[in-house]
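Trainee: Please find target_39.cif (mmCIF, C-alpha atoms) on the next line:
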```cif
data_query
#
loop_
_atom_site.label_atom_id
_atom_site.label_comp_id
_atom_site.auth_asym_id
_atom_site.auth_seq_id
_atom_site.Cartn_x
_atom_site.Cartn_y
_atom_site.Cartn_z
CA MET A 1 175.39 145.03 96.65
CA LYS A 2 172.69 143.08 98.44
CA ASN A 3 175.06 142.41 101.35
CA LEU A 4 175.94 146.10 101.57
CA ILE A 5 172.28 147.08 101.77
CA LEU A 6 171.70 144.43 104.43
CA TYR A 7 174.69 145.72 106.42
CA ILE A 8 173.43 149.32 106.25
CA CYS A 9 169.95 148.26 107.41
CA LEU A 10 171.42 146.21 110.25
CA LEU A 11 173.66 149.09 111.31
CA GLY A 12 170.69 151.44 111.32
CA PHE A 13 168.69 148.97 113.42
CA ILE A 14 171.53 148.66 115.96
CA GLN A 15 171.87 152.43 116.20
CA MET A 16 168.12 152.77 116.66
CA GLN A 17 168.20 150.22 119.45
CA ALA A 18 171.13 152.00 121.11
CA GLN A 19 169.03 155.17 121.30
CA GLU A 20 166.36 153.30 123.27
CA SER A 21 168.39 153.27 126.49
CA TYR A 22 170.21 155.66 128.81
CA THR A 23 173.08 154.76 131.15
CA ILE A 24 174.65 156.37 134.20
CA ASP A 25 177.97 155.00 135.43
CA GLY A 26 178.27 154.22 139.13
CA ALA A 27 177.12 151.41 141.42
CA SER A 28 175.52 153.59 144.10
CA GLY A 29 173.49 156.75 144.51
CA GLU A 30 169.99 158.15 144.97
CA LEU A 31 167.45 157.44 142.22
CA TYR A 32 164.27 159.54 142.07
CA ILE A 33 161.50 158.63 139.62
CA HIS A 34 158.79 161.29 139.32
CA GLU A 35 155.40 160.84 137.62
CA ILE A 36 156.44 158.19 135.10
CA ASN A 37 153.28 156.15 134.56
CA LYS A 38 154.69 152.77 133.58
CA VAL A 39 157.83 151.62 135.39
CA THR A 40 159.58 148.31 136.03
CA LEU A 41 162.52 148.15 138.46
CA VAL A 42 164.92 145.25 137.98
CA GLY A 43 167.92 144.44 140.18
CA SER A 44 171.34 144.58 138.53
CA ASN A 45 174.83 143.35 139.44
CA GLU A 46 176.50 145.85 137.12
CA SER A 47 178.18 149.05 138.27
CA LYS A 48 175.87 151.28 136.27
CA LEU A 49 172.24 152.38 136.21
CA THR A 50 170.51 151.68 132.90
CA VAL A 51 167.07 152.84 131.75
CA GLU A 52 165.50 151.04 128.79
CA VAL A 53 162.37 151.68 126.79
CA ASP A 54 160.08 148.66 126.59
CA GLY A 55 159.02 148.54 122.95
CA LYS A 56 159.37 151.17 120.27
CA LEU A 57 159.68 154.72 121.53
CA TYR A 58 156.64 156.85 120.75
CA GLU A 59 156.82 158.83 117.51
CA THR A 60 156.58 162.61 117.61
CA PRO A 61 154.39 164.40 115.05
CA GLU A 62 155.86 165.33 111.67
CA LYS A 63 155.24 169.00 112.47
CA SER A 64 157.57 168.77 115.50
CA LYS A 65 160.73 168.43 113.39
CA GLY A 66 163.27 171.00 114.49
CA LEU A 67 161.47 171.48 117.81
CA LYS A 68 162.02 169.85 121.19
CA LEU A 69 159.40 168.40 123.48
CA ILE A 70 158.96 170.32 126.73
CA ASN A 71 156.48 170.09 129.59
CA PRO A 72 154.79 172.78 131.74
CA ALA A 73 157.63 172.61 134.28
CA GLY A 74 160.12 173.52 131.57
CA TYR A 75 161.82 170.12 131.39
CA SER A 76 162.93 168.75 128.03
CA ASP A 77 164.12 165.36 126.83
CA ASN A 78 167.86 165.24 127.58
CA THR A 79 168.14 161.43 127.59
CA GLY A 80 166.99 160.57 124.08
CA ILE A 81 164.29 158.26 125.47
CA GLY A 82 161.53 160.72 126.30
CA LEU A 83 162.69 161.49 129.85
CA HIS A 84 164.44 164.36 131.58
CA VAL A 85 167.19 163.59 134.10
CA SER A 86 168.56 166.06 136.65
CA LYS A 87 171.88 165.33 138.35
CA ASP A 88 173.10 166.52 141.74
CA GLY A 89 176.24 164.70 142.81
CA ASN A 90 175.29 161.02 142.84
CA SER A 91 171.57 161.85 142.97
CA TYR A 92 169.56 161.39 139.76
CA SER A 93 165.95 162.49 139.18
CA PHE A 94 163.97 161.22 136.18
CA ARG A 95 160.75 162.84 134.93
CA ARG A 96 158.52 162.08 131.99
CA ILE A 97 158.06 164.80 129.40
CA SER A 98 155.04 163.83 127.29
CA ASN A 99 151.48 163.97 128.62
CA LYS A 100 150.65 160.85 126.61
CA LYS A 101 150.52 157.47 128.36
CA GLY A 102 153.68 156.47 126.50
CA ASN A 103 156.06 153.59 127.01
CA ARG A 104 156.99 151.45 129.96
CA TYR A 105 160.48 152.23 131.26
CA ILE A 106 162.71 149.52 132.73
CA PHE A 107 165.25 150.70 135.31
CA HIS A 108 168.13 148.28 135.94
CA VAL A 109 169.14 149.21 139.49
CA PRO A 110 172.43 148.25 141.25
CA LYS A 111 172.21 147.20 144.89
CA GLY A 112 173.93 150.38 146.10
CA TYR A 113 171.09 152.67 145.02
CA HIS A 114 168.29 154.04 147.18
CA VAL A 115 165.18 154.22 145.00
CA HIS A 116 162.42 156.81 145.45
CA TYR A 117 159.29 156.50 143.29
CA GLU A 118 156.27 158.80 143.30
CA SER A 119 153.19 158.92 141.09
CA SER A 120 149.86 160.74 141.39
CA SER A 121 148.50 160.09 137.88
CA TYR A 122 145.17 158.33 137.34
CA ASN A 123 146.74 156.73 134.23
CA ALA A 124 149.55 155.12 136.21
CA GLY A 125 150.12 151.45 135.42
CA THR A 126 151.29 148.65 137.69
CA LEU A 127 154.68 149.29 139.27
CA HIS A 128 156.73 146.09 138.91
CA ILE A 129 159.76 145.58 141.17
CA ASN A 130 161.76 142.42 140.49
CA ASP A 131 164.88 141.09 142.26
CA VAL A 132 165.80 144.51 143.65
CA GLU A 133 168.00 144.51 146.76
CA ALA A 134 168.21 148.30 146.90
CA GLU A 135 166.34 150.30 149.53
CA LEU A 136 162.89 151.35 148.27
CA ASP A 137 160.55 154.25 148.98
CA VAL A 138 157.31 154.23 146.97
CA SER A 139 154.47 156.76 147.18
CA ALA A 140 151.65 156.14 144.69
CA ASN A 141 148.03 157.19 144.34
CA TYR A 142 146.65 154.78 141.74
CA ASN A 143 149.44 152.31 141.02
CA ARG A 144 149.16 148.67 141.92
CA VAL A 145 152.57 147.62 143.25
CA GLU A 146 153.90 144.11 142.59
CA LEU A 147 157.23 143.08 144.14
CA SER A 148 159.09 139.80 143.60
CA GLY A 149 162.48 138.63 144.85
CA VAL A 150 162.90 141.68 147.09
CA THR A 151 164.62 141.95 150.48
CA GLY A 152 164.05 145.42 151.98
CA PRO A 153 164.42 147.82 153.65
CA MET A 154 161.40 149.51 152.09
CA ALA A 155 158.40 151.77 152.60
CA ILE A 156 155.62 151.12 150.06
CA HIS A 157 152.46 153.25 150.14
CA SER A 158 149.57 153.22 147.66
CA VAL A 159 146.23 154.95 148.09
CA TYR A 160 143.99 153.02 145.67
CA GLY A 161 146.25 150.24 144.37
CA GLY A 162 146.88 146.88 145.97
CA ILE A 163 150.31 145.67 147.07
CA GLU A 164 151.62 142.15 146.49
CA ALA A 165 155.14 141.28 147.65
CA LYS A 166 157.16 138.06 147.55
CA PHE A 167 160.39 138.30 149.53
CA SER A 168 163.44 136.20 148.64
CA SER A 169 164.82 137.04 152.09
CA VAL A 170 164.08 139.68 154.70
CA SER A 171 166.86 142.17 155.38
CA GLN A 172 167.54 143.06 159.01
CA GLU A 173 169.18 146.37 158.02
CA GLY A 174 166.09 148.55 158.34
CA PRO A 175 162.30 148.58 158.77
CA ILE A 176 159.84 147.33 156.17
CA SER A 177 156.41 148.88 155.68
CA LEU A 178 153.66 148.13 153.13
CA TYR A 179 150.43 150.14 153.31
CA SER A 180 147.43 150.42 151.00
CA VAL A 181 144.55 152.67 152.00
CA TYR A 182 141.75 151.17 149.89
CA SER A 183 143.07 147.84 148.63
CA ASP A 184 144.62 144.70 150.07
CA VAL A 185 148.19 143.94 151.09
CA ASP A 186 149.41 140.42 150.28
CA VAL A 187 152.89 139.41 151.46
CA SER A 188 154.88 136.15 151.29
CA VAL A 189 158.09 135.62 153.29
CA PRO A 190 160.53 132.70 153.67
CA ALA A 191 159.93 130.27 156.53
CA ASN A 192 163.18 131.31 158.27
CA THR A 193 162.25 135.01 158.41
CA LYS A 194 162.93 136.80 161.71
CA ALA A 195 160.58 139.75 162.09
CA ASN A 196 158.33 141.74 164.40
CA PHE A 197 155.12 141.92 162.37
CA ASN A 198 152.91 144.93 163.05
CA LEU A 199 149.56 144.05 161.46
CA LYS A 200 146.96 146.79 161.14
CA VAL A 201 143.51 146.92 159.53
CA SER A 202 140.75 149.48 160.01
CA TYR A 203 137.79 147.85 158.22
CA GLY A 204 139.25 144.54 157.03
CA ASP A 205 140.72 141.33 158.43
CA VAL A 206 144.14 139.70 158.75
CA PHE A 207 144.78 136.23 157.31
CA SER A 208 147.98 134.19 157.80
CA ASP A 209 149.37 130.64 157.79
CA ILE A 210 152.31 131.65 160.01
CA ASP A 211 152.44 130.74 163.69
CA LEU A 212 153.22 134.08 165.30
CA SER A 213 154.02 134.52 168.98
CA TYR A 214 152.46 137.44 170.81
CA PRO A 215 154.62 139.19 173.42
CA GLN A 216 153.20 139.96 176.84
CA SER A 217 153.08 143.52 178.13
CA GLU A 218 154.59 144.65 181.41
CA ASP A 219 151.41 143.68 183.28
CA GLY A 220 151.86 140.08 182.13
CA PHE A 221 148.89 140.03 179.74
CA LYS A 222 148.78 139.62 175.98
CA HIS A 223 147.08 142.71 174.60
CA LEU A 224 145.37 141.80 171.31
CA ASN A 225 143.28 144.23 169.30
CA ALA A 226 141.06 143.21 166.38
CA LYS A 227 142.42 146.11 164.34
CA LYS A 228 146.11 146.02 165.16
CA PHE A 229 148.52 143.67 166.88
CA THR A 230 152.17 142.64 166.94
CA GLY A 231 153.31 139.09 166.27
CA LEU A 232 156.85 137.74 166.35
CA MET A 233 158.09 135.30 163.72
CA ASN A 234 160.98 133.03 164.72
CA GLY A 235 161.56 135.01 167.90
CA GLY A 236 161.38 138.42 166.27
CA GLY A 237 163.69 140.59 164.22
CA VAL A 238 163.28 143.58 161.93
CA ASP A 239 160.14 145.73 162.26
CA PHE A 240 157.76 144.68 159.48
CA THR A 241 154.48 146.62 159.14
CA LEU A 242 151.53 145.51 157.00
CA LYS A 243 148.54 147.84 156.92
CA SER A 244 145.29 148.23 155.00
CA GLY A 245 142.67 150.85 155.70
CA TYR A 246 139.60 149.45 153.95
CA ASN A 247 140.62 145.94 152.88
CA ASN A 248 142.45 142.85 154.12
CA VAL A 249 146.03 141.92 154.99
CA TYR A 250 147.38 138.52 153.89
CA LEU A 251 150.63 137.18 155.37
CA ARG A 252 151.95 133.95 153.88
CA LYS A 253 154.85 131.57 154.47
CA GLN A 254 156.62 130.38 151.34
#
```
Please go through the file and, once you have read it, give me the structure as structure tokens.
Mentor:
Amino acid sequence: MKNLILYICLLGFIQMQAQESYTIDGASGELYIHEINKVTLVGSNESKLTVEVDGKLYETPEKSKGLKLINPAGYSDNTGIGLHVSKDGNSYSFRRISNKKGNRYIFHVPKGYHVHYESSSYNAGTLHINDVEAELDVSANYNRVELSGVTGPMAIHSVYGGIEAKFSSVSQEGPISLYSVYSDVDVSVPANTKANFNLKVSYGDVFSDIDLSYPQSEDGFKHLNAKKFTGLMNGGGVDFTLKSGYNNVYLRKQ
């Protein structure tokens, strides 16, 4: 009898855990993440996109039994994890439903996806991006963005949050851009990186331990500007822009 009770409890726990994730089959597509405050993107070698809830999913009020959670835009939870997903071919758009701060969501992203993330909320937490080889487009107002083990191509923009990125390698497939308006941009790249670095600051400074070469213009002179300049690493390569409006840019060799 005791074993039976234990089995039933274990089965219930497994079922509860199974409800804490949502999976979409397919190794490629367009992933849009809208206004989800706490997000972690993790690279995946599997041929499916999986979204997990970090921790226990928030509990709805007792009075909400028999009702469904909706938001002002009319979206409801159709994933079982507090998110709404819209599908259009191989394009998937995720939106949060509750106005509460809620859980952190972990997206396991195959390499074949193009990821688009946008957030305007003051309550937005740090956006973590780890070991993702997919193409990235990030537009955030308040998020700090921390990237590790990434390759590009990417366009990362944050208004108030800082950006810190550690590249495992630098893809030559498309341009890379990291821009924070009010905070700093701190980037580390491998020593063998081939890139054309476009470094821009309005009211800050640029710091680096990399020996960059500065191409001459057609008149034979090197045109250097205290606020913006181009430096080639290992002879040049992909266009790589680092920009801060009111803070500093840090470029490191790892």
Trainee: Any idea what the distance is between atom CA of Lys56 of chain A and atom CA of Val115 of chain A?
Mentor: 25.6 Å
Trainee: Where does the PyMOL selection byres ((chain A and resi 195) around 10) land in this file, that is, which residues does it pick, as number ranges by chain?
Mentor: A: 170-172, 175-176, 192-194, 196-198, 212, 231-241
Trainee: Selected by the PyMOL selection byres ((chain A and resi 31) around 10) in the shown coordinates: which residues, as a list in words?
Mentor: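 So the PyMOL selection byres ((chain A and resi 31) around 10) ends up selecting Ser28, Gly29, Glu30, Tyr32, Ile33, His34, Leu49, Lys87, Asn90, Ser91, Tyr92, Ser93, Phe94, Phe107, Val109, Tyr113, His114, Val115, His116, Tyr117 and Leu136 of chain A.
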Trainee: From (156.7, 150.9, 155.5), in the file's coordinates, out to 6 Å: which residues are reached, counting all atoms listed in the file? Answer as a count of residues only.
Mentor: 6
Trainee: Can you spell out as a ChimeraX atom specification the set of residues that the PyMOL selection byres ((chain A and resi 144) around 12) selects in the structure I just provided?
Mentor: /A:37-40,119,122-129,138-143,145-147,156-165,179-186
Trainee: Would you please work out which residue, of A:Gly80, A:Gly174, A:Gly43, A:Gly204, is nearest to Lys111 of chain A when using all atoms listed in the file?
Mentor: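 Closest to Lys111 of chain A, using all atoms listed in the file: A:Gly43.
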Trainee: Can you work out which one of A:Asn247, A:Val189, A:Asp88, A:Ser168 has the shortest atom-to-atom distance to Asp205 of chain A, counting all atoms listed in the file?
Mentor: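 Ranked by minimum distance to Asp205 of chain A, first place goes to A:Asn247.
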Trainee: Go ahead and compute the interatomic distance for atom CA of Thr230 of chain A and atom CA of Val187 of chain A, in Å to one decimal.
Mentor: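 That distance, rounded to one decimal, is 15.8 Å.
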Trainee: Mind listing as a PDB file with C-alpha atoms, keeping the file's coordinate frame all residues within 12 Å of (155.6, 171.8, 130.8), counting only C-alpha atoms?
Mentor:
```
ATOM      1  CA  LYS A  68     162.020 169.850 121.190  1.00  0.00           C
ATOM      2  CA  LEU A  69     159.400 168.400 123.480  1.00  0.00           C
ATOM      3  CA  ILE A  70     158.960 170.320 126.730  1.00  0.00           C
ATOM      4  CA  ASN A  71     156.480 170.090 129.590  1.00  0.00           C
ATOM      5  CA  PRO A  72     154.790 172.780 131.740  1.00  0.00           C
ATOM      6  CA  ALA A  73     157.630 172.610 134.280  1.00  0.00           C
ATOM      7  CA  GLY A  74     160.120 173.520 131.570  1.00  0.00           C
ATOM      8  CA  TYR A  75     161.820 170.120 131.390  1.00  0.00           C
ATOM      9  CA  SER A  76     162.930 168.750 128.030  1.00  0.00           C
ATOM     10  CA  ASP A  77     164.120 165.360 126.830  1.00  0.00           C
ATOM     11  CA  HIS A  84     164.440 164.360 131.580  1.00  0.00           C
ATOM     12  CA  ARG A  95     160.750 162.840 134.930  1.00  0.00           C
ATOM     13  CA  ARG A  96     158.520 162.080 131.990  1.00  0.00           C
ATOM     14  CA  ILE A  97     158.060 164.800 129.400  1.00  0.00           C
ATOM     15  CA  SER A  98     155.040 163.830 127.290  1.00  0.00           C
ATOM     16  CA  ASN A  99     151.480 163.970 128.620  1.00  0.00           C
TER      17      ASN A  99
END
```
Trainee: One decimal, Å: what's the distance from atom CA of Asp131 of chain A over to atom CA of Thr151 of chain A, could you say?
Mentor: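 It comes out at 8.3 Å.
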Trainee: Around all the atoms of segment 72-86 of chain A listed in the file, draw an axis-aligned box and extend it by 4 Å on each of the six sides; I want its centre and edge lengths in Å to one decimal, as AutoDock Vina command-line options.
Mentor:
```
--center_x 161.7 --center_y 165.9 --center_z 130.4 --size_x 21.8 --size_y 23.3 --size_z 20.6
```
Trainee: Which polymer residues have any atom within 7 Å of an atom of Tyr22 of chain A, counting only C-alpha atoms, with same-chain residues fewer than 5 positions away left out, as a PyMOL selection string?
Mentor: chain A and resi 50-52+79
Trainee: Find the residues around Ile210 of chain A up to 9 Å (only C-alpha atoms counted), leave out those fewer than 3 positions away in its own chain, and share them as a CSV table (one decimal) with C-alpha atoms, in the coordinates of the input.
Mentor:
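out-v9.csv was written with the following content:
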```
chain,number,residue,atom,x,y,z
A,191,ALA,CA,159.9,130.3,156.5
A,233,MET,CA,158.1,135.3,163.7
A,251,LEU,CA,150.6,137.2,155.4
A,252,ARG,CA,152.0,134.0,153.9
A,253,LYS,CA,154.8,131.6,154.5
```
Trainee: Complete segment 46-70 of chain A at the level of N, CA and C atoms, written as an mmCIF file, keeping the file's coordinate frame.
Mentor:
```
data_model
loop_
_atom_site.group_PDB
_atom_site.id
_atom_site.type_symbol
_atom_site.label_atom_id
_atom_site.label_comp_id
_atom_site.auth_asym_id
_atom_site.auth_seq_id
_atom_site.Cartn_x
_atom_site.Cartn_y
_atom_site.Cartn_z
ATOM 1 N N GLU A 46 175.529 145.014 137.822
ATOM 2 C CA GLU A 46 176.500 145.850 137.120
ATOM 3 C C GLU A 46 176.723 147.153 137.894
ATOM 4 N N SER A 47 177.833 147.809 137.582
ATOM 5 C CA SER A 47 178.180 149.050 138.270
ATOM 6 C C SER A 47 177.686 150.262 137.476
ATOM 7 N N LYS A 48 176.467 150.165 136.993
ATOM 8 C CA LYS A 48 175.870 151.280 136.270
ATOM 9 C C LYS A 48 174.349 151.168 136.345
ATOM 10 N N LEU A 49 173.695 152.303 136.249
ATOM 11 C CA LEU A 49 172.240 152.380 136.210
ATOM 12 C C LEU A 49 171.821 152.529 134.752
ATOM 13 N N THR A 50 170.954 151.645 134.285
ATOM 14 C CA THR A 50 170.510 151.680 132.900
ATOM 15 C C THR A 50 168.992 151.790 132.844
ATOM 16 N N VAL A 51 168.505 152.685 131.978
ATOM 17 C CA VAL A 51 167.070 152.840 131.750
ATOM 18 C C VAL A 51 166.778 152.449 130.310
ATOM 19 N N GLU A 52 165.867 151.504 130.123
ATOM 20 C CA GLU A 52 165.500 151.040 128.790
ATOM 21 C C GLU A 52 164.038 151.337 128.506
ATOM 22 N N VAL A 53 163.746 151.527 127.229
ATOM 23 C CA VAL A 53 162.370 151.680 126.790
ATOM 24 C C VAL A 53 161.842 150.310 126.392
ATOM 25 N N ASP A 54 160.702 149.930 126.940
ATOM 26 C CA ASP A 54 160.080 148.660 126.590
ATOM 27 C C ASP A 54 159.235 148.866 125.337
ATOM 28 N N GLY A 55 159.715 148.346 124.219
ATOM 29 C CA GLY A 55 159.020 148.540 122.950
ATOM 30 C C GLY A 55 159.564 149.744 122.206
ATOM 31 N N LYS A 56 158.931 150.063 121.105
ATOM 32 C CA LYS A 56 159.370 151.170 120.270
ATOM 33 C C LYS A 56 158.987 152.488 120.914
ATOM 34 N N LEU A 57 159.931 153.412 120.948
ATOM 35 C CA LEU A 57 159.680 154.720 121.530
ATOM 36 C C LEU A 57 158.599 155.441 120.724
ATOM 37 N N TYR A 58 157.731 156.156 121.430
ATOM 38 C CA TYR A 58 156.640 156.850 120.750
ATOM 39 C C TYR A 58 157.177 157.791 119.677
ATOM 40 N N GLU A 59 156.404 157.964 118.605
ATOM 41 C CA GLU A 59 156.820 158.830 117.510
ATOM 42 C C GLU A 59 156.225 160.225 117.693
ATOM 43 N N THR A 60 157.058 161.228 117.516
ATOM 44 C CA THR A 60 156.580 162.610 117.610
ATOM 45 C C THR A 60 155.956 163.015 116.280
ATOM 46 N N PRO A 61 155.053 163.986 116.289
ATOM 47 C CA PRO A 61 154.390 164.400 115.050
ATOM 48 C C PRO A 61 155.382 164.947 114.026
ATOM 49 N N GLU A 62 155.024 164.828 112.759
ATOM 50 C CA GLU A 62 155.860 165.330 111.670
ATOM 51 C C GLU A 62 156.110 166.832 111.838
ATOM 52 N N LYS A 63 155.111 167.551 112.321
ATOM 53 C CA LYS A 63 155.240 169.000 112.470
ATOM 54 C C LYS A 63 156.238 169.403 113.552
ATOM 55 N N SER A 64 156.669 168.435 114.392
ATOM 56 C CA SER A 64 157.570 168.770 115.500
ATOM 57 C C SER A 64 159.036 168.768 115.091
ATOM 58 N N LYS A 65 159.336 168.461 113.837
ATOM 59 C CA LYS A 65 160.730 168.430 113.390
ATOM 60 C C LYS A 65 161.378 169.794 113.592
ATOM 61 N N GLY A 66 162.563 169.773 114.195
ATOM 62 C CA GLY A 66 163.270 171.000 114.490
ATOM 63 C C GLY A 66 162.894 171.600 115.833
ATOM 64 N N LEU A 67 161.909 171.007 116.502
ATOM 65 C CA LEU A 67 161.470 171.480 117.810
ATOM 66 C C LEU A 67 161.799 170.420 118.860
ATOM 67 N N LYS A 68 161.793 170.808 120.109
ATOM 68 C CA LYS A 68 162.020 169.850 121.190
ATOM 69 C C LYS A 68 160.786 169.790 122.078
ATOM 70 N N LEU A 69 160.539 168.612 122.604
ATOM 71 C CA LEU A 69 159.400 168.400 123.480
ATOM 72 C C LEU A 69 159.702 168.955 124.866
ATOM 73 N N ILE A 70 158.808 169.787 125.378
ATOM 74 C CA ILE A 70 158.960 170.320 126.730
ATOM 75 C C ILE A 70 157.647 170.087 127.483
#
```
